[in-house]
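Structure file run.tsv (TSV, C-alpha atoms) follows.
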```
chain	number	residue	atom	x	y	z
Z	1	MET	CA	12.87	87.65	-33.37
Z	2	LYS	CA	11.79	84.00	-33.36
Z	3	LYS	CA	15.42	82.90	-33.75
Z	4	TYR	CA	16.38	85.13	-30.82
Z	5	ILE	CA	13.64	83.71	-28.57
Z	6	LEU	CA	14.53	80.12	-29.55
Z	7	SER	CA	18.21	80.73	-28.76
Z	8	LEU	CA	17.28	82.24	-25.40
Z	9	VAL	CA	15.08	79.24	-24.51
Z	10	ILE	CA	17.86	76.79	-25.43
Z	11	ALA	CA	20.40	78.72	-23.34
Z	12	VAL	CA	18.13	78.74	-20.27
Z	13	ALA	CA	17.43	75.02	-20.66
Z	14	LEU	CA	21.14	74.23	-20.84
Z	15	LEU	CA	21.81	76.27	-17.71
Z	16	LEU	CA	19.10	74.38	-15.81
Z	17	ILE	CA	20.50	71.02	-16.93
Z	18	LEU	CA	24.01	71.98	-15.86
Z	19	LYS	CA	22.76	73.28	-12.51
Z	20	ASN	CA	20.92	70.06	-11.76
Z	21	SER	CA	23.72	67.72	-12.79
Z	22	ALA	CA	26.86	69.59	-11.77
Z	23	ARG	CA	27.20	68.28	-8.23
Z	24	GLY	CA	26.57	64.69	-9.24
Z	25	LYS	CA	24.64	63.91	-6.06
Z	26	MET	CA	21.78	61.54	-5.43
Z	27	ALA	CA	20.66	60.88	-1.86
Z	28	GLY	CA	21.55	57.37	-0.77
Z	29	ASN	CA	23.08	56.31	-4.08
Z	30	TYR	CA	25.98	57.06	-6.36
Z	31	ILE	CA	26.13	58.46	-9.86
Z	32	LYS	CA	29.23	57.66	-11.84
Z	33	GLY	CA	30.47	60.27	-14.27
Z	34	VAL	CA	28.13	63.10	-13.28
Z	35	VAL	CA	30.49	65.69	-11.94
Z	36	SER	CA	31.08	69.34	-12.58
Z	37	THR	CA	34.18	70.66	-14.29
Z	38	VAL	CA	35.86	72.45	-11.44
Z	39	SER	CA	38.89	74.68	-11.77
Z	40	ILE	CA	41.34	73.68	-9.05
Z	41	LYS	CA	44.58	75.52	-8.52
Z	42	PRO	CA	47.37	72.92	-8.29
Z	43	ASP	CA	48.69	74.48	-5.07
Z	44	TYR	CA	49.39	71.14	-3.47
Z	45	ILE	CA	50.60	69.20	-6.50
Z	46	ASN	CA	54.27	68.71	-7.24
Z	47	THR	CA	54.21	67.48	-10.81
Z	48	SER	CA	57.69	65.94	-10.54
Z	49	GLY	CA	56.79	63.79	-7.52
Z	50	ASN	CA	57.02	60.04	-8.15
Z	51	SER	CA	55.27	58.83	-4.97
Z	52	ILE	CA	52.12	59.88	-3.15
Z	53	SER	CA	54.08	61.74	-0.46
Z	54	THR	CA	56.24	63.59	-2.97
Z	55	ARG	CA	53.40	64.35	-5.42
Z	56	VAL	CA	51.08	65.98	-2.85
Z	57	LEU	CA	52.29	68.93	-0.81
Z	58	LEU	CA	51.04	69.98	2.62
Z	59	PRO	CA	48.77	72.93	3.38
Z	60	ASP	CA	50.30	75.60	5.62
Z	61	GLY	CA	50.48	74.56	9.25
Z	62	TYR	CA	50.18	70.82	8.56
Z	63	LYS	CA	52.71	68.03	8.86
Z	64	ARG	CA	52.47	64.38	7.96
Z	65	VAL	CA	51.53	61.98	10.75
Z	66	VAL	CA	54.56	59.81	11.52
Z	67	TYR	CA	54.32	56.02	11.18
Z	68	GLU	CA	56.87	53.27	11.68
Z	69	ASN	CA	59.18	52.35	8.83
Z	70	GLY	CA	57.96	49.17	7.16
Z	71	SER	CA	54.36	49.74	8.27
Z	72	PHE	CA	51.40	49.50	5.91
Z	73	GLU	CA	50.86	53.23	6.48
Z	74	GLU	CA	54.34	54.11	5.23
Z	75	TYR	CA	53.98	51.62	2.37
Z	76	LEU	CA	50.88	53.44	1.12
Z	77	ARG	CA	52.26	56.93	1.66
Z	78	ASN	CA	55.34	56.10	-0.39
Z	79	TYR	CA	53.49	54.14	-3.07
Z	80	ARG	CA	54.97	54.71	-6.50
Z	81	ILE	CA	52.91	56.66	-9.01
Z	82	LYS	CA	53.04	57.19	-12.75
Z	83	PRO	CA	54.31	60.45	-14.31
Z	84	HIS	CA	52.06	63.47	-13.90
Z	85	GLY	CA	49.38	63.61	-16.57
Z	86	SER	CA	49.00	59.83	-16.87
Z	87	LYS	CA	45.45	58.77	-17.72
Z	88	ILE	CA	42.98	56.38	-16.13
Z	89	ILE	CA	43.06	53.27	-18.32
Z	90	ASN	CA	40.42	50.54	-18.31
Z	91	TYR	CA	41.23	46.82	-18.24
Z	92	ASP	CA	40.69	46.63	-22.02
Z	93	ASN	CA	43.33	49.35	-22.57
Z	94	SER	CA	40.72	52.00	-23.41
Z	95	GLU	CA	40.75	55.41	-21.74
Z	96	TYR	CA	38.18	56.00	-19.01
Z	97	PHE	CA	35.74	58.76	-19.95
Z	98	ALA	CA	36.44	60.88	-16.82
Z	99	GLN	CA	40.04	62.07	-16.85
Z	100	ASN	CA	39.51	65.09	-14.57
Z	101	TRP	CA	38.97	63.14	-11.35
Z	102	HIS	CA	42.54	62.38	-10.32
Z	103	ASP	CA	45.87	63.92	-9.42
Z	104	ALA	CA	47.93	60.73	-9.67
Z	105	ILE	CA	47.83	57.16	-10.99
Z	106	LEU	CA	49.25	54.50	-8.70
Z	107	GLU	CA	51.58	51.86	-10.13
Z	108	VAL	CA	49.03	49.07	-9.78
Z	109	PRO	CA	48.83	46.89	-12.92
Z	110	VAL	CA	45.30	46.29	-14.24
Z	111	PRO	CA	44.72	42.71	-15.44
Z	112	SER	CA	42.97	42.37	-18.80
Z	113	ASN	CA	40.40	39.94	-17.35
Z	114	GLY	CA	38.34	42.80	-15.89
Z	115	LEU	CA	38.12	41.27	-12.40
Z	116	GLN	CA	40.19	43.78	-10.43
Z	117	GLN	CA	37.53	46.32	-9.50
Z	118	CYS	CA	37.25	48.74	-6.55
Z	119	ALA	CA	37.50	46.37	-3.56
Z	120	ASP	CA	39.75	43.97	-5.46
Z	121	ALA	CA	42.39	46.62	-6.14
Z	122	LEU	CA	42.63	47.38	-2.41
Z	123	MET	CA	42.85	43.70	-1.49
Z	124	ARG	CA	45.66	43.37	-4.03
Z	125	ILE	CA	47.58	46.31	-2.54
Z	126	ARG	CA	47.22	44.85	0.96
Z	127	SER	CA	48.22	41.35	-0.20
Z	128	GLU	CA	51.27	42.61	-2.07
Z	129	TYR	CA	52.37	44.50	1.04
Z	130	LEU	CA	52.11	41.32	3.14
Z	131	TRP	CA	53.92	39.32	0.46
Z	132	LYS	CA	56.74	41.87	0.23
Z	133	HIS	CA	57.22	41.90	4.02
Z	134	ASN	CA	57.25	38.09	4.30
Z	135	ARG	CA	53.91	37.96	6.07
Z	136	LYS	CA	52.33	35.59	3.57
Z	137	GLY	CA	50.58	33.65	6.31
Z	138	GLU	CA	48.35	36.68	6.91
Z	139	ILE	CA	47.03	36.81	3.34
Z	140	GLY	CA	43.42	35.73	3.27
Z	141	PHE	CA	39.90	37.08	2.79
Z	142	ASN	CA	36.33	36.02	3.33
Z	143	PHE	CA	34.12	35.23	0.38
Z	144	THR	CA	30.76	37.00	0.33
Z	145	SER	CA	29.35	33.73	1.68
Z	146	GLY	CA	31.49	34.24	4.80
Z	147	HIS	CA	33.93	31.38	4.09
Z	148	TYR	CA	37.59	32.25	4.66
Z	149	CYS	CA	40.04	31.58	1.83
Z	150	SER	CA	43.72	31.92	2.68
Z	151	TRP	CA	46.71	32.10	0.38
Z	152	GLN	CA	48.44	29.35	2.37
Z	153	LYS	CA	45.62	26.88	1.78
Z	154	TYR	CA	45.39	27.80	-1.90
Z	155	ALA	CA	49.17	27.41	-2.29
Z	156	LYS	CA	48.94	23.89	-0.80
Z	157	GLY	CA	46.53	22.96	-3.61
Z	158	TYR	CA	43.13	23.41	-1.98
Z	159	ARG	CA	40.38	24.80	-4.19
Z	160	PRO	CA	36.83	25.83	-3.28
Z	161	LYS	CA	33.82	23.86	-4.40
Z	162	ILE	CA	30.89	26.24	-4.42
Z	163	LYS	CA	27.22	25.31	-4.42
Z	164	VAL	CA	25.11	28.45	-4.08
Z	165	SER	CA	26.24	29.76	-0.65
Z	166	HIS	CA	27.82	26.50	0.54
Z	167	VAL	CA	31.61	26.33	0.14
Z	168	THR	CA	33.96	23.42	0.83
Z	169	PHE	CA	37.68	23.16	0.08
Z	170	HIS	CA	39.30	20.13	-1.54
Z	171	LYS	CA	42.92	19.36	-2.46
Z	172	THR	CA	42.75	19.19	-6.23
Z	173	ALA	CA	46.04	20.83	-7.28
Z	174	SER	CA	49.73	20.38	-6.61
Z	175	PRO	CA	51.39	22.72	-4.10
Z	176	ASP	CA	52.59	25.92	-5.76
Z	177	TYR	CA	53.96	28.85	-3.76
Z	178	SER	CA	55.05	30.91	-6.77
Z	179	LYS	CA	54.23	34.57	-7.40
Z	180	PHE	CA	52.37	33.52	-10.54
Z	181	ASN	CA	50.10	31.26	-8.50
Z	182	PHE	CA	49.66	34.06	-5.95
Z	183	TYR	CA	48.02	36.19	-8.63
Z	184	ARG	CA	45.80	33.29	-9.64
Z	185	TYR	CA	44.72	33.16	-6.01
Z	186	LEU	CA	43.91	36.87	-6.10
Z	187	ASN	CA	41.76	36.34	-9.20
Z	188	LEU	CA	39.76	33.82	-7.17
Z	189	ILE	CA	39.36	36.37	-4.38
Z	190	TYR	CA	38.25	39.04	-6.86
Z	191	THR	CA	35.55	36.67	-8.07
Z	192	TYR	CA	34.01	35.76	-4.72
Z	193	ALA	CA	34.80	38.74	-2.44
Z	194	GLY	CA	34.00	42.45	-2.62
Z	195	THR	CA	32.80	45.50	-0.71
Z	196	LEU	CA	30.03	43.55	1.04
Z	197	SER	CA	32.33	40.78	2.28
Z	198	MET	CA	34.98	43.28	3.37
Z	199	TYR	CA	32.40	45.28	5.30
Z	200	SER	CA	31.12	42.14	7.02
Z	201	GLU	CA	34.57	40.73	7.80
Z	202	LEU	CA	36.69	43.71	8.80
Z	203	GLN	CA	36.84	45.90	11.89
Z	204	LYS	CA	34.75	49.08	11.88
Z	205	VAL	CA	36.82	52.12	12.86
Z	206	PRO	CA	35.44	55.22	14.67
Z	207	LEU	CA	35.98	58.41	12.74
Z	208	ASN	CA	38.26	59.88	15.41
Z	209	GLU	CA	40.58	56.86	15.09
Z	210	ILE	CA	40.97	56.55	11.32
Z	211	LYS	CA	44.42	56.47	9.79
Z	212	ILE	CA	46.27	55.61	6.60
Z	213	GLY	CA	45.11	52.24	5.28
Z	214	ASP	CA	41.54	52.57	6.56
Z	215	MET	CA	38.82	52.37	3.94
Z	216	LEU	CA	35.70	54.44	3.39
Z	217	VAL	CA	33.02	51.94	2.40
Z	218	LYS	CA	29.46	51.72	1.17
Z	219	PRO	CA	28.64	48.00	1.26
Z	220	GLY	CA	26.36	46.63	-1.41
Z	221	SER	CA	26.02	45.13	-4.84
Z	222	PRO	CA	27.20	47.39	-6.22
Z	223	GLY	CA	28.85	49.26	-3.40
Z	224	HIS	CA	32.08	51.19	-3.40
Z	225	ILE	CA	35.24	51.52	-1.33
Z	226	GLU	CA	38.14	53.98	-1.20
Z	227	ILE	CA	41.34	53.89	0.86
Z	228	ILE	CA	43.20	56.55	2.85
Z	229	VAL	CA	46.75	56.77	1.48
Z	230	ASP	CA	48.13	59.74	3.43
Z	231	GLU	CA	47.37	61.72	6.58
Z	232	ALA	CA	48.38	65.15	7.87
Z	233	ILE	CA	47.75	67.05	11.11
Z	234	ASN	CA	48.07	70.66	12.29
Z	235	GLY	CA	48.82	72.19	15.69
Z	236	GLN	CA	45.14	72.15	16.66
Z	237	GLY	CA	44.83	68.44	15.97
Z	238	ASP	CA	42.80	68.88	12.79
Z	239	LYS	CA	43.52	66.16	10.26
Z	240	LEU	CA	43.48	65.91	6.48
Z	241	TYR	CA	43.50	62.75	4.37
Z	242	LEU	CA	44.16	61.61	0.80
Z	243	LEU	CA	41.88	59.06	-0.87
Z	244	ALA	CA	42.59	56.59	-3.65
Z	245	GLN	CA	40.28	54.18	-5.45
Z	246	GLY	CA	39.99	51.37	-7.92
Z	247	ASN	CA	36.76	51.36	-9.87
Z	248	THR	CA	34.26	49.57	-12.05
Z	249	PRO	CA	35.01	48.78	-14.81
Z	250	ALA	CA	38.41	47.50	-13.66
Z	251	GLN	CA	40.85	50.34	-14.23
Z	252	SER	CA	43.85	52.28	-12.96
Z	253	VAL	CA	43.97	53.00	-9.24
Z	254	CYS	CA	43.94	56.77	-8.85
Z	255	LEU	CA	44.44	59.46	-6.22
Z	256	LEU	CA	41.21	61.47	-6.12
Z	257	LYS	CA	40.70	65.22	-6.32
Z	258	ASN	CA	38.34	66.93	-3.89
Z	259	PHE	CA	35.68	68.79	-5.86
Z	260	GLU	CA	33.64	69.58	-2.74
Z	261	ASN	CA	36.45	71.55	-1.11
Z	262	ALA	CA	38.67	72.65	-3.96
Z	263	SER	CA	40.70	74.95	-1.72
Z	264	ILE	CA	42.42	71.92	-0.10
Z	265	SER	CA	42.19	69.42	-2.97
Z	266	PRO	CA	43.28	66.64	-3.12
Z	267	TRP	CA	43.12	66.60	0.70
Z	268	TYR	CA	39.85	65.67	2.45
Z	269	ARG	CA	38.28	66.38	5.83
Z	270	PHE	CA	35.69	64.01	7.32
Z	271	ASP	CA	32.89	64.93	9.70
Z	272	LYS	CA	30.90	62.32	11.63
Z	273	ASN	CA	27.45	63.46	10.57
Z	274	GLU	CA	28.31	64.62	7.08
Z	275	PRO	CA	28.22	62.60	3.85
Z	276	VAL	CA	31.35	62.35	1.72
Z	277	TYR	CA	31.33	63.32	-1.93
Z	278	THR	CA	34.19	62.09	-4.08
Z	279	PRO	CA	34.32	62.54	-7.86
Z	280	SER	CA	32.75	59.16	-8.66
Z	281	TYR	CA	30.75	58.33	-5.54
Z	282	TYR	CA	28.46	59.65	-2.82
Z	283	PHE	CA	28.91	58.09	0.62
Z	284	ASP	CA	25.86	58.96	2.69
Z	285	LYS	CA	27.64	57.81	5.87
Z	286	THR	CA	31.28	57.95	6.97
Z	287	ILE	CA	31.85	54.23	7.58
Z	288	PHE	CA	35.49	53.14	7.76
Z	289	ILE	CA	36.91	49.63	7.99
Z	290	ARG	CA	40.45	48.36	8.60
Z	291	PHE	CA	42.43	45.41	7.27
Z	292	LYS	CA	43.41	42.79	9.85
```
Could you express the structure from this file as C-alpha cells?
Amino acid sequence: MKKYILSLVIAVALLLILKNSARGKMAGNYIKGVVSTVSIKPDYINTSGNSISTRVLLPDGYKRVVYENGSFEEYLRNYRIKPHGSKIINYDNSEYFAQNWHDAILEVPVPSNGLQQCADALMRIRSEYLWKHNRKGEIGFNFTSGHYCSWQKYAKGYRPKIKVSHVTFHKTASPDYSKFNFYRYLNLIYTYAGTLSMYSELQKVPLNEIKIGDMLVKPGSPGHIEIIVDEAINGQGDKLYLLAQGNTPAQSVCLLKNFENASISPWYRFDKNEPVYTPSYYFDKTIFIRFK
C-alpha cells in the first residue's frame, strides 16, 4: 500500500511539473529550452524541398505575396536549406539540445569563433545579399554605441579605436576589398552590434505593413530577434508568415515551428495586442524593424 501511495504521489508531482513548464512562458522574459513536446502533423512540409519556398507548402486558400525578382524578399524566400532532418549545430560542432524546434536549417555557415549569434546571423544574411547584388556601398551597421561602421571604410583600412563608449576610426591597415576581409569585417560587427543597436538604428514597422525581411525584435542584453522569410495571403487579406532565427550560443539558422498554433505550423499570424511565442522566445510585444 505504501508503495502504491508513493507511486501515486510521484505521478501527480510529475504531472504538475509538466503542466507548469510545458508552455515555456514567463511574462516579460524568455526561457530557452522550456517547451512542450507537441505533435504537429507535417501538412505543410515538403521533405524534398531544398529552399524555404519549396519546403513549406501553403494552407488552403492562401498564395504567396509576389515580390520583384532580385529583391531581398525573393532572396529570403528562395534561400537554400539543408536536407530535411538536418540538425541544429552549435559553433563548436556540438548538437543543440532542442532539435524539435525547427522544420528547416538554412545554408548559413556557423563560424567556430562563437560570435555569430541571433542578430549577427541576420546581419550576415543581409550583408551577403547586398554583396551578391553589387550593392556593397550599402553594407554598414551601427555599433551599440551608435557609431556607424561601413564595409567601405573598413575595406579602405580604417579600424575603430574604442574607449568605453567613444569610438574613432583610424587608417591602420592596407586596403583590402576581398571576400575574406569582408568576413573579418562582419566579425567586427558581431562584436560591437546586436539586437539593441539594430532596434535603435533601424526603422520601426507597423504591424499592418510588415513583409518578408522585417524582424521581430526584443531589444536588450540579452534580447532576441527573428526574421520573416516568407509571406502568404488569402482572399480576405489575412496574412501568414514564416520565421527564422539564429541563436545563442552561435548555431545553425533555422526555420521555426509554431507550437502555439500547431494547425498552421510553421506559419504564424501576428496580432497587434498579442504577444508572440516562438519555440525559444517570448516576445511580449510585436515590435518589427526593417533593414535600410
>> Which residues are near Thr144 in chain Z? Cut-off 12 Å, all atoms listed in the file, ignore same chain within fewer than 6 positions. Put them as a list in words.
In response: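 Here the answer would be Ile162, Val164, Ser165, His166, Val167, Ile189, Tyr190, Thr191, Tyr192, Ala193, Gly194, Thr195, Leu196, Ser197, Met198, Tyr199, Ser200, Glu201, Pro219, Gly220 and Ser221 of chain Z.
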Restrict the selected residues to C-alpha atoms and save them as a compact mmCIF listing (two decimals), keeping the file's coordinate frame.
```
# COMPACT_ATOMS: atom_id res chain seq x y z
CA ILE Z 162 30.89 26.24 -4.42
CA VAL Z 164 25.11 28.45 -4.08
CA SER Z 165 26.24 29.76 -0.65
CA HIS Z 166 27.82 26.50 0.54
CA VAL Z 167 31.61 26.33 0.14
CA ILE Z 189 39.36 36.37 -4.38
CA TYR Z 190 38.25 39.04 -6.86
CA THR Z 191 35.55 36.67 -8.07
CA TYR Z 192 34.01 35.76 -4.72
CA ALA Z 193 34.80 38.74 -2.44
CA GLY Z 194 34.00 42.45 -2.62
CA THR Z 195 32.80 45.50 -0.71
CA LEU Z 196 30.03 43.55 1.04
CA SER Z 197 32.33 40.78 2.28
CA MET Z 198 34.98 43.28 3.37
CA TYR Z 199 32.40 45.28 5.30
CA SER Z 200 31.12 42.14 7.02
CA GLU Z 201 34.57 40.73 7.80
CA PRO Z 219 28.64 48.00 1.26
CA GLY Z 220 26.36 46.63 -1.41
CA SER Z 221 26.02 45.13 -4.84
```
> Which residue, Z:Tyr91, Z:Ser145, Z:Leu57, Z:Cys118, has the smallest gap to Pro222 in chain Z when you use all atoms listed in the file?
Replying inline: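 Among Z:Tyr91, Z:Ser145, Z:Leu57, Z:Cys118, it is Z:Cys118 that comes nearest to Pro222 in chain Z.
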>> When you look at range 205-217 of chain Z with a cut-off of 8 Å (counting all atoms listed in the file), what residues show up, excluding the ones that are within fewer than 6 positions of it in the same chain? I need them as number ranges by chain.
In response: Z: 72-73, 76-77, 195, 199, 223-231, 241, 270-272, 283, 286-291
>> Quick check, in Å to one decimal: how far apart do CA of Gln251 in chain Z and CA of Val110 in chain Z lie?
In response: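 Distance reported for this atom pair: 6.0 Å.
If all atoms listed in the file are the atoms counted, then among Z:Lys161, Z:Glu68, Z:Lys156, Z:Ala250 the closest residue to Ser174 in chain Z is Z:Lys156.
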>> List the spatial neighbours of range 182-187 of chain Z as a PyMOL selection string - criterion: any atom at most 7 Å away, all atoms listed in the file, same-chain residues fewer than 6 positions off excluded.
In response: chain Z and resi 115+151+154
For range 57-74 of chain Z, take all atoms listed in the file, fit an axis-aligned box around them, add 5 Å to each of the six sides, then output centre and edge lengths in Å rounded to one decimal, as lines of an AutoDock Vina configuration file.
```
center_x = 54.0
center_y = 62.4
center_z = 5.4
size_x = 20.4
size_y = 36.4
size_z = 22.5
```
> Could you name the residues that touch Asn234 in chain Z at 9 Å or less, counting all atoms listed in the file, but leaving out those on the same chain fewer than 2 positions away, as a PyMOL selection string?
Replying inline: chain Z and resi 60-64+232+236-240
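If you look at CA of Arg126 in chain Z and CA of Phe141 in chain Z, they are 10.8 Å away from each other.
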